[in-house]
$ cat upload-v6.csv   # CSV, C-alpha atoms and all ligand atoms
chain,number,residue,atom,x,y,z
Q,1,ASP,CA,88.0,127.9,90.5
Q,2,GLN,CA,85.3,130.5,90.4
Q,3,ASP,CA,82.4,128.1,90.7
Q,4,VAL,CA,84.2,126.0,93.4
Q,5,SER,CA,84.4,129.1,95.6
Q,6,GLU,CA,80.8,130.1,94.8
Q,7,TYR,CA,79.7,126.6,95.8
Q,8,LYS,CA,81.8,126.9,99.0
Q,9,LYS,CA,80.2,130.2,99.8
Q,10,SER,CA,76.7,128.8,99.5
Q,11,LEU,CA,77.6,125.7,101.4
Q,12,ALA,CA,79.9,127.3,104.0
Q,13,ILE,CA,82.6,124.6,104.3
Q,14,ARG,CA,84.4,124.9,107.6
Q,15,VAL,CA,87.6,123.0,108.4
Q,16,SER,CA,89.1,122.9,111.9
Q,17,GLY,CA,92.0,121.2,113.5
Q,18,PHE,CA,95.8,121.6,113.8
Q,19,ASP,CA,98.2,121.6,110.8
Q,20,VAL,CA,95.5,121.0,108.2
Q,21,PRO,CA,96.8,120.2,104.7
Q,22,ARG,CA,95.7,122.7,102.0
Q,23,PRO,CA,92.7,121.8,99.8
Q,24,VAL,CA,93.3,120.5,96.3
Q,25,ARG,CA,91.7,122.0,93.1
Q,26,THR,CA,92.0,119.0,90.8
Q,27,PHE,CA,92.4,115.3,91.0
Q,28,GLU,CA,95.9,115.8,89.4
Q,29,ASP,CA,96.9,117.6,92.6
Q,30,CYS,CA,96.3,114.4,94.6
Q,31,GLY,CA,99.2,112.5,93.3
Q,32,PHE,CA,97.1,109.5,92.3
Q,33,SER,CA,98.6,106.7,90.2
Q,34,ALA,CA,98.0,106.7,86.4
Q,35,GLU,CA,95.7,103.7,86.9
Q,36,LEU,CA,93.5,105.5,89.4
Q,37,MET,CA,93.4,108.6,87.3
Q,38,LYS,CA,92.1,106.5,84.4
Q,39,ALA,CA,89.4,105.0,86.6
Q,40,ILE,CA,88.4,108.5,87.8
Q,41,ALA,CA,88.2,109.7,84.2
Q,42,LYS,CA,86.1,106.7,83.3
Q,43,GLN,CA,83.5,108.0,85.9
Q,44,ALA,CA,83.5,111.3,84.2
Q,45,TYR,CA,84.4,113.0,87.5
Q,46,GLU,CA,86.0,116.1,86.0
Q,47,LYS,CA,87.0,117.7,89.2
Q,48,PRO,CA,86.6,117.0,92.9
Q,49,THR,CA,83.4,118.3,94.6
Q,50,PRO,CA,84.0,120.9,97.3
Q,51,ILE,CA,84.1,118.4,100.2
Q,52,GLN,CA,86.5,116.2,98.1
Q,53,CYS,CA,88.8,119.3,97.6
Q,54,GLN,CA,89.0,119.6,101.3
Q,55,ALA,CA,88.9,116.0,102.4
Q,56,LEU,CA,91.1,114.3,99.9
Q,57,PRO,CA,94.5,115.9,100.9
Q,58,ILE,CA,93.6,115.5,104.6
Q,59,VAL,CA,92.7,111.9,104.3
Q,60,LEU,CA,95.7,111.2,102.0
Q,61,SER,CA,98.0,112.7,104.7
Q,62,GLY,CA,96.8,110.0,107.1
Q,63,ARG,CA,94.8,112.2,109.4
Q,64,ASP,CA,91.6,111.1,111.1
Q,65,VAL,CA,88.6,113.0,109.9
Q,66,ILE,CA,85.1,113.9,111.2
Q,67,GLY,CA,83.0,114.8,108.1
Q,68,ILE,CA,79.7,116.4,108.8
Q,69,ALA,CA,77.7,116.8,105.6
Q,70,LYS,CA,74.3,115.9,104.1
Q,71,THR,CA,73.9,113.4,101.4
Q,72,GLY,CA,74.9,114.1,97.8
Q,73,SER,CA,78.1,116.0,98.5
Q,74,GLY,CA,80.4,113.2,97.2
Q,75,LYS,CA,81.7,111.8,100.5
Q,76,THR,CA,82.1,108.3,99.2
Q,77,ALA,CA,84.9,109.1,96.8
Q,78,SER,CA,86.6,111.2,99.5
Q,79,PHE,CA,87.2,108.1,101.6
Q,80,VAL,CA,87.3,105.4,98.8
Q,81,LEU,CA,90.1,107.0,96.7
Q,82,PRO,CA,92.5,107.5,99.7
Q,83,MET,CA,91.6,104.0,100.9
Q,84,ILE,CA,93.0,102.6,97.6
Q,85,VAL,CA,96.2,104.6,98.0
Q,86,HIS,CA,96.4,103.5,101.7
Q,87,ILE,CA,96.2,99.8,100.6
Q,88,MET,CA,98.7,100.2,97.8
Q,89,ASP,CA,101.1,101.8,100.4
Q,90,GLN,CA,101.0,98.8,102.7
Q,91,PRO,CA,104.1,96.6,102.8
Q,92,GLU,CA,103.7,92.9,101.9
Q,93,LEU,CA,101.9,91.5,104.9
Q,94,GLY,CA,103.1,88.0,105.2
Q,95,LYS,CA,100.6,85.4,106.4
Q,96,GLU,CA,98.2,87.9,107.9
Q,97,GLU,CA,94.8,87.9,106.3
Q,98,GLY,CA,91.6,89.9,106.4
Q,99,PRO,CA,90.7,93.3,105.0
Q,100,ILE,CA,92.9,96.4,105.3
Q,101,GLY,CA,90.0,98.8,104.7
Q,102,VAL,CA,86.8,98.4,106.7
Q,103,VAL,CA,83.7,100.5,105.9
Q,104,CYS,CA,80.6,100.3,108.0
Q,105,ALA,CA,77.3,101.7,106.8
Q,106,PRO,CA,73.8,101.7,108.4
Q,107,THR,CA,71.8,99.8,105.7
Q,108,ARG,CA,72.3,97.2,103.0
Q,109,GLU,CA,71.4,99.7,100.3
Q,110,LEU,CA,74.1,102.2,101.5
Q,111,ALA,CA,76.6,99.4,101.9
Q,112,HIS,CA,75.9,98.2,98.4
Q,113,GLN,CA,76.3,101.7,96.9
Q,114,ILE,CA,79.7,102.1,98.6
Q,115,TYR,CA,80.7,98.7,97.5
Q,116,LEU,CA,79.9,99.6,93.9
Q,117,GLU,CA,81.8,102.9,94.2
Q,118,ALA,CA,84.8,101.1,95.8
Q,119,LYS,CA,84.9,98.4,93.1
Q,120,LYS,CA,85.1,100.9,90.3
Q,121,PHE,CA,88.4,102.3,91.7
Q,122,ALA,CA,89.7,99.1,93.4
Q,123,LYS,CA,89.8,97.4,90.0
Q,124,ALA,CA,92.5,99.7,88.8
Q,125,HIS,CA,94.9,98.0,91.2
Q,126,GLY,CA,93.5,94.5,91.5
Q,127,ILE,CA,92.2,95.2,95.0
Q,128,ARG,CA,89.4,92.9,96.1
Q,129,VAL,CA,86.2,94.3,97.6
Q,130,SER,CA,83.6,92.3,99.6
Q,131,ALA,CA,80.2,93.4,100.6
Q,132,VAL,CA,78.8,92.0,103.9
Q,133,TYR,CA,75.1,92.7,104.8
Q,134,GLY,CA,71.9,91.0,105.7
Q,135,GLY,CA,69.7,89.5,103.0
Q,136,MET,CA,72.5,87.6,101.4
Q,137,SER,CA,73.3,83.9,102.2
Q,138,LYS,CA,75.7,83.8,105.2
Q,139,LEU,CA,77.4,80.7,103.8
Q,140,ASP,CA,78.1,82.5,100.4
Q,141,GLN,CA,79.4,85.5,102.3
Q,142,PHE,CA,81.5,83.3,104.5
Q,143,LYS,CA,83.1,81.6,101.4
Q,144,GLU,CA,83.7,84.9,99.7
Q,145,LEU,CA,85.5,86.3,102.8
Q,146,LYS,CA,87.5,83.2,103.2
Q,147,ALA,CA,88.8,83.6,99.6
Q,148,GLY,CA,90.2,87.0,100.8
Q,149,CYS,CA,89.7,90.7,100.2
Q,150,GLU,CA,91.5,94.0,101.0
Q,151,ILE,CA,88.3,96.0,101.5
Q,152,VAL,CA,85.1,95.0,103.2
Q,153,VAL,CA,82.0,97.2,103.1
Q,154,ALA,CA,79.5,96.0,105.7
Q,155,THR,CA,76.5,96.7,107.9
Q,156,PRO,CA,77.7,96.4,111.6
Q,157,GLY,CA,75.4,93.4,112.6
Q,158,ARG,CA,76.4,91.2,109.7
Q,159,LEU,CA,80.1,92.0,110.0
Q,160,ILE,CA,80.0,90.9,113.7
Q,161,ASP,CA,78.3,87.7,112.6
Q,162,MET,CA,81.0,87.1,110.1
Q,163,ILE,CA,83.8,87.8,112.6
Q,164,LYS,CA,82.1,85.4,115.0
Q,165,MET,CA,82.0,82.7,112.3
Q,166,LYS,CA,85.7,83.4,111.8
Q,167,ALA,CA,85.1,84.3,108.1
Q,168,LEU,CA,87.6,87.2,108.7
Q,169,THR,CA,89.7,88.9,111.3
Q,170,MET,CA,90.5,92.5,111.8
Q,171,LEU,CA,94.3,91.8,112.2
Q,172,ARG,CA,95.3,93.6,109.0
Q,173,ALA,CA,92.8,96.4,109.3
Q,174,THR,CA,94.3,99.9,109.4
Q,175,TYR,CA,91.7,102.1,107.7
Q,176,LEU,CA,88.3,102.3,109.2
Q,177,VAL,CA,85.3,104.3,107.9
Q,178,LEU,CA,82.1,104.8,109.8
Q,179,ASP,CA,79.7,106.3,107.2
Q,180,GLU,CA,76.4,107.9,108.3
Q,181,ALA,CA,77.3,107.3,111.9
Q,182,ASP,CA,74.1,109.1,113.2
Q,183,ARG,CA,71.9,106.6,111.3
Q,184,MET,CA,73.9,103.7,112.6
Q,185,PHE,CA,73.2,104.9,116.1
Q,186,ASP,CA,69.5,105.5,115.3
Q,187,LEU,CA,69.4,101.9,114.2
Q,188,GLY,CA,70.9,100.7,117.5
Q,189,PHE,CA,74.3,99.7,116.1
Q,190,GLU,CA,76.4,101.4,118.8
Q,191,PRO,CA,77.4,98.2,120.5
Q,192,GLN,CA,78.3,96.5,117.3
Q,193,ILE,CA,80.3,99.6,116.2
Q,194,ARG,CA,82.2,99.7,119.5
Q,195,SER,CA,82.9,96.0,119.2
Q,196,ILE,CA,84.3,96.3,115.6
Q,197,VAL,CA,86.4,99.4,116.5
Q,198,GLY,CA,87.7,97.5,119.6
Q,199,GLN,CA,89.1,94.8,117.3
Q,200,ILE,CA,91.0,97.2,115.1
Q,201,ARG,CA,94.5,98.3,116.1
Q,202,PRO,CA,94.5,101.8,117.7
Q,203,ASP,CA,97.1,103.2,115.3
Q,204,ARG,CA,94.6,102.8,112.5
Q,205,GLN,CA,93.3,105.8,110.4
Q,206,THR,CA,89.7,106.5,111.3
Q,207,LEU,CA,87.1,108.5,109.4
Q,208,LEU,CA,83.7,109.3,110.7
Q,209,PHE,CA,80.9,110.8,108.5
Q,210,SER,CA,77.6,111.9,109.8
Q,211,ALA,CA,74.8,114.2,108.7
Q,212,THR,CA,74.2,115.4,112.3
Q,213,MET,CA,76.4,115.2,115.4
Q,214,PRO,CA,74.2,114.2,118.4
Q,215,HIS,CA,75.9,113.9,121.7
Q,216,LYS,CA,76.4,110.1,121.5
Q,217,VAL,CA,78.1,110.4,118.1
Q,218,GLU,CA,80.3,113.2,119.3
Q,219,LYS,CA,81.3,111.1,122.3
Q,220,LEU,CA,82.2,108.1,120.2
Q,221,ALA,CA,84.2,110.4,117.8
Q,222,ARG,CA,86.1,111.8,120.8
Q,223,GLU,CA,86.9,108.2,122.0
Q,224,ILE,CA,88.0,106.6,118.7
Q,225,LEU,CA,89.6,109.4,116.6
Q,226,THR,CA,93.1,110.7,117.1
Q,227,ASP,CA,93.7,114.5,116.6
Q,228,PRO,CA,90.9,114.6,114.0
Q,229,VAL,CA,90.3,117.3,111.4
Q,230,ARG,CA,86.7,118.4,111.4
Q,231,ILE,CA,85.1,119.2,108.0
Q,232,THR,CA,81.6,120.7,108.1
Q,233,VAL,CA,79.6,121.4,105.0
Q,234,GLY,CA,76.6,123.7,105.1
Q,235,GLU,CA,74.2,124.3,108.0
Q,236,VAL,CA,74.1,121.1,110.0
Q,237,GLY,CA,72.1,120.4,113.1
Z,301,LIG,P1,77.3,111.5,99.7
Z,301,LIG,O1,77.9,110.2,100.3
Z,301,LIG,O2,77.9,112.7,100.2
Z,301,LIG,O3,75.8,111.5,99.8
Z,301,LIG,P2,78.0,110.3,97.2
Z,301,LIG,O4,79.4,110.0,97.5
Z,301,LIG,O5,77.0,109.2,97.2
Z,301,LIG,O6,77.6,111.5,98.1
Z,301,LIG,O7,78.0,111.1,95.8
Z,301,LIG,C1,76.8,111.6,95.2
Z,301,LIG,C2,76.9,111.5,93.7
Z,301,LIG,O8,77.9,112.3,93.2
Z,301,LIG,C3,77.1,110.1,93.2
Z,301,LIG,O9,76.3,109.8,92.1
Z,301,LIG,C4,78.6,110.2,92.7
Z,301,LIG,O10,78.9,109.3,91.7
Z,301,LIG,C5,78.7,111.6,92.3
Z,301,LIG,N1,80.1,112.2,92.4
Z,301,LIG,C6,80.9,112.0,93.4
Z,301,LIG,N2,82.1,112.7,93.2
Z,301,LIG,C7,81.9,113.3,92.0
Z,301,LIG,C8,82.8,114.2,91.2
Z,301,LIG,N3,84.0,114.6,91.7
Z,301,LIG,N4,82.3,114.7,90.1
Z,301,LIG,C9,81.0,114.3,89.7
Z,301,LIG,N5,80.2,113.5,90.3
Z,301,LIG,C10,80.6,113.0,91.5
Z,302,MG,MG,77.1,108.8,101.5
$ encode --input "upload-v6.csv" --output "C-alpha cells"
Amino acid sequence: DQDVSEYKKSLAIRVSGFDVPRPVRTFEDCGFSAELMKAIAKQAYEKPTPIQCQALPIVLSGRDVIGIAKTGSGKTASFVLPMIVHIMDQPELGKEEGPIGVVCAPTRELAHQIYLEAKKFAKAHGIRVSAVYGGMSKLDQFKELKAGCEIVVATPGRLIDMIKMKALTMLRATYLVLDEADRMFDLGFEPQIRSIVGQIRPDRQTLLFSATMPHKVEKLAREILTDPVRITVGEVG
C-alpha cells in the first residue's frame, strides 16, 4: 500500500469521468478466474502496477478508457486481462466468426509484444490469439485467420489487407484497443484506423492508449469513445 501511494505521488495519476469504479490493490480484488490467477502468478506479477490498479476495475466494468501514459507503466496487462474476461463472458455466438478482441498497434514489434503478452493469459482459457502484421507471409496469415481466433493483434495496414482478402470479419468484435494511438497517427494510419473502427459495432468497448494527446488523437477519441474515463499518468505533453 505504502509504496503504491508513493509511486502514485511521484507519477501523479489523475482519473476523470463520471461514476468511476474504485481502484484495486491486488489482483485478487479483480475477481479473476482461478486459471487466470495462476497465469498471473506464473508471470511473477505480485501486484498490479499503479496504472493497472486504476485501469483494471474500470475496464472490467465495461467502460471506455483513454489511457495517457508513457511506456513501461504496464498498460498491456491492463487491457489484456479484462479482454480475456470479456471474451469468457460472451454467450455462444452461433455461426458468427472472427475475433472478439481487436488490438491495433503502430509497429510489428509492438504488435508482437502484445501478442506474446496476450498469449500468456489467453492460454489459461483456451482462447486463440493471432498476430497480423507486415513482414509475414500474407498467405500464412490468411490461413491462420481462417482457422479462427478470438483475439487479433495487428498493425492497421495489414489488418485492412486481411479484411479485404476476407480472411476475417469484424462481425463478432466487441472489444477494441488502440495502443500507442499517437504513434499510429504519426505513421499515417488514421484512415486505416477509422476504417477498422467503422466496421466494429458501435456498442463495443473501446480503449485508447497514447503517450501524448495531440488534437487529432483527441478528436478521434471524442468521436469513437462513449462516456470514457480518462486516466493520466505523470506529466504528459
Ligand atoms: P507499457 O505498455 O505501459 O509500456 P508494458 O505493458 O509493456 O508497459 O509493461 C512493461 C513491463 O512491465 C513488461 O515487461 C511487463 O511484463 C511488466 N509488468 C506488467 N505488469 C506488471 C506487474 N503487475 N508486475 C510486474 N511486472 C509487470
Ligand atoms: Mg505498451
$ residues_near_ligand --input "upload-v6.csv" --ligand "ligand MG 302 (chain Z)" --cutoff "8 Å" --atoms "only C-alpha atoms and all ligand atoms" --output "short mmCIF file (atom, residue, chain, number, x, y, z; two decimals) with C-alpha atoms, keeping the file's coordinate frame"
data_model
loop_
_atom_site.label_atom_id
_atom_site.label_comp_id
_atom_site.auth_asym_id
_atom_site.auth_seq_id
_atom_site.Cartn_x
_atom_site.Cartn_y
_atom_site.Cartn_z
CA THR Q 71 73.90 113.40 101.40
CA GLY Q 72 74.90 114.10 97.80
CA SER Q 73 78.10 116.00 98.50
CA GLY Q 74 80.40 113.20 97.20
CA LYS Q 75 81.70 111.80 100.50
CA THR Q 76 82.10 108.30 99.20
CA LEU Q 110 74.10 102.20 101.50
CA ILE Q 114 79.70 102.10 98.60
CA ASP Q 179 79.70 106.30 107.20
CA GLU Q 180 76.40 107.90 108.30
#
$ closest_residue --input "upload-v6.csv" --among "Q:Lys120, Q:Lys216, Q:Lys143, Q:Lys166" --to "Lys42 in chain Q" --atoms "all atoms listed in the file"
Q:Lys120
$ closest_residue --input "upload-v6.csv" --among "Q:Leu168, Q:Ile127, Q:Val233, Q:Ala122" --to "ligand LIG 301 (chain Z)" --atoms "all atoms listed in the file"
Q:Val233
$ closest_residue --input "upload-v6.csv" --among "Q:Ala221, Q:Val177, Q:Leu56, Q:Leu11" --to "Ala77 in chain Q" --atoms "only C-alpha atoms"
Q:Leu56
$ residues_around --input "upload-v6.csv" --residues "Thr226 in chain Q" --least-positions-apart "2" --cutoff "12 Å" --atoms "only C-alpha atoms" --output "ChimeraX atom specification"
/Q:17-18,62-66,202-208,220-224,228-230
$ write_last_selection --input "upload-v6.csv" --atoms "C-alpha atoms" --output "mmCIF file, in the frame of the given file"
data_model
loop_
_atom_site.group_PDB
_atom_site.id
_atom_site.type_symbol
_atom_site.label_atom_id
_atom_site.label_comp_id
_atom_site.auth_asym_id
_atom_site.auth_seq_id
_atom_site.Cartn_x
_atom_site.Cartn_y
_atom_site.Cartn_z
ATOM 1 C CA GLY Q 17 92.000 121.200 113.500
ATOM 2 C CA PHE Q 18 95.800 121.600 113.800
ATOM 3 C CA GLY Q 62 96.800 110.000 107.100
ATOM 4 C CA ARG Q 63 94.800 112.200 109.400
ATOM 5 C CA ASP Q 64 91.600 111.100 111.100
ATOM 6 C CA VAL Q 65 88.600 113.000 109.900
ATOM 7 C CA ILE Q 66 85.100 113.900 111.200
ATOM 8 C CA PRO Q 202 94.500 101.800 117.700
ATOM 9 C CA ASP Q 203 97.100 103.200 115.300
ATOM 10 C CA ARG Q 204 94.600 102.800 112.500
ATOM 11 C CA GLN Q 205 93.300 105.800 110.400
ATOM 12 C CA THR Q 206 89.700 106.500 111.300
ATOM 13 C CA LEU Q 207 87.100 108.500 109.400
ATOM 14 C CA LEU Q 208 83.700 109.300 110.700
ATOM 15 C CA LEU Q 220 82.200 108.100 120.200
ATOM 16 C CA ALA Q 221 84.200 110.400 117.800
ATOM 17 C CA ARG Q 222 86.100 111.800 120.800
ATOM 18 C CA GLU Q 223 86.900 108.200 122.000
ATOM 19 C CA ILE Q 224 88.000 106.600 118.700
ATOM 20 C CA PRO Q 228 90.900 114.600 114.000
ATOM 21 C CA VAL Q 229 90.300 117.300 111.400
ATOM 22 C CA ARG Q 230 86.700 118.400 111.400
#
$ atom_distance --input "upload-v6.csv" --atom1 "CA of Glu97 in chain Q" --atom2 "CA of Tyr115 in chain Q"
19.8 Å
$ closest_residue --input "upload-v6.csv" --among "Q:His215, Q:Lys164, Q:Lys47, Q:His112" --to "Val132 in chain Q" --atoms "all atoms listed in the file"
Q:His112
$ atom_distance --input "upload-v6.csv" --atom1 "CA of Ala39 in chain Q" --atom2 "CA of Ile151 in chain Q"
17.4 Å
$ closest_residue --input "upload-v6.csv" --among "Q:Leu178, Q:Ala69, Q:Ile100, Q:Leu139" --to "Pro156 in chain Q" --atoms "only C-alpha atoms"
Q:Leu178
$ closest_residue --input "upload-v6.csv" --among "Q:Leu81, Q:Val152, Q:Ala105, Q:Leu171" --to "Pro48 in chain Q" --atoms "only C-alpha atoms"
Q:Leu81
$ residues_around --input "upload-v6.csv" --residues "Ile84 in chain Q" --least-positions-apart "4" --cutoff "12 Å" --atoms "only C-alpha atoms" --output "mmCIF file with C-alpha atoms, in the coordinates of the input"
data_model
loop_
_atom_site.group_PDB
_atom_site.id
_atom_site.type_symbol
_atom_site.label_atom_id
_atom_site.label_comp_id
_atom_site.auth_asym_id
_atom_site.auth_seq_id
_atom_site.Cartn_x
_atom_site.Cartn_y
_atom_site.Cartn_z
ATOM 1 C CA PHE Q 32 97.100 109.500 92.300
ATOM 2 C CA SER Q 33 98.600 106.700 90.200
ATOM 3 C CA GLU Q 35 95.700 103.700 86.900
ATOM 4 C CA LEU Q 36 93.500 105.500 89.400
ATOM 5 C CA MET Q 37 93.400 108.600 87.300
ATOM 6 C CA ALA Q 39 89.400 105.000 86.600
ATOM 7 C CA VAL Q 59 92.700 111.900 104.300
ATOM 8 C CA LEU Q 60 95.700 111.200 102.000
ATOM 9 C CA ALA Q 77 84.900 109.100 96.800
ATOM 10 C CA SER Q 78 86.600 111.200 99.500
ATOM 11 C CA PHE Q 79 87.200 108.100 101.600
ATOM 12 C CA VAL Q 80 87.300 105.400 98.800
ATOM 13 C CA MET Q 88 98.700 100.200 97.800
ATOM 14 C CA ASP Q 89 101.100 101.800 100.400
ATOM 15 C CA GLN Q 90 101.000 98.800 102.700
ATOM 16 C CA ILE Q 100 92.900 96.400 105.300
ATOM 17 C CA GLY Q 101 90.000 98.800 104.700
ATOM 18 C CA VAL Q 102 86.800 98.400 106.700
ATOM 19 C CA GLU Q 117 81.800 102.900 94.200
ATOM 20 C CA ALA Q 118 84.800 101.100 95.800
ATOM 21 C CA LYS Q 119 84.900 98.400 93.100
ATOM 22 C CA LYS Q 120 85.100 100.900 90.300
ATOM 23 C CA PHE Q 121 88.400 102.300 91.700
ATOM 24 C CA ALA Q 122 89.700 99.100 93.400
ATOM 25 C CA LYS Q 123 89.800 97.400 90.000
ATOM 26 C CA ALA Q 124 92.500 99.700 88.800
ATOM 27 C CA HIS Q 125 94.900 98.000 91.200
ATOM 28 C CA GLY Q 126 93.500 94.500 91.500
ATOM 29 C CA ILE Q 127 92.200 95.200 95.000
ATOM 30 C CA ARG Q 128 89.400 92.900 96.100
ATOM 31 C CA VAL Q 129 86.200 94.300 97.600
ATOM 32 C CA GLU Q 150 91.500 94.000 101.000
ATOM 33 C CA ILE Q 151 88.300 96.000 101.500
ATOM 34 C CA TYR Q 175 91.700 102.100 107.700
#
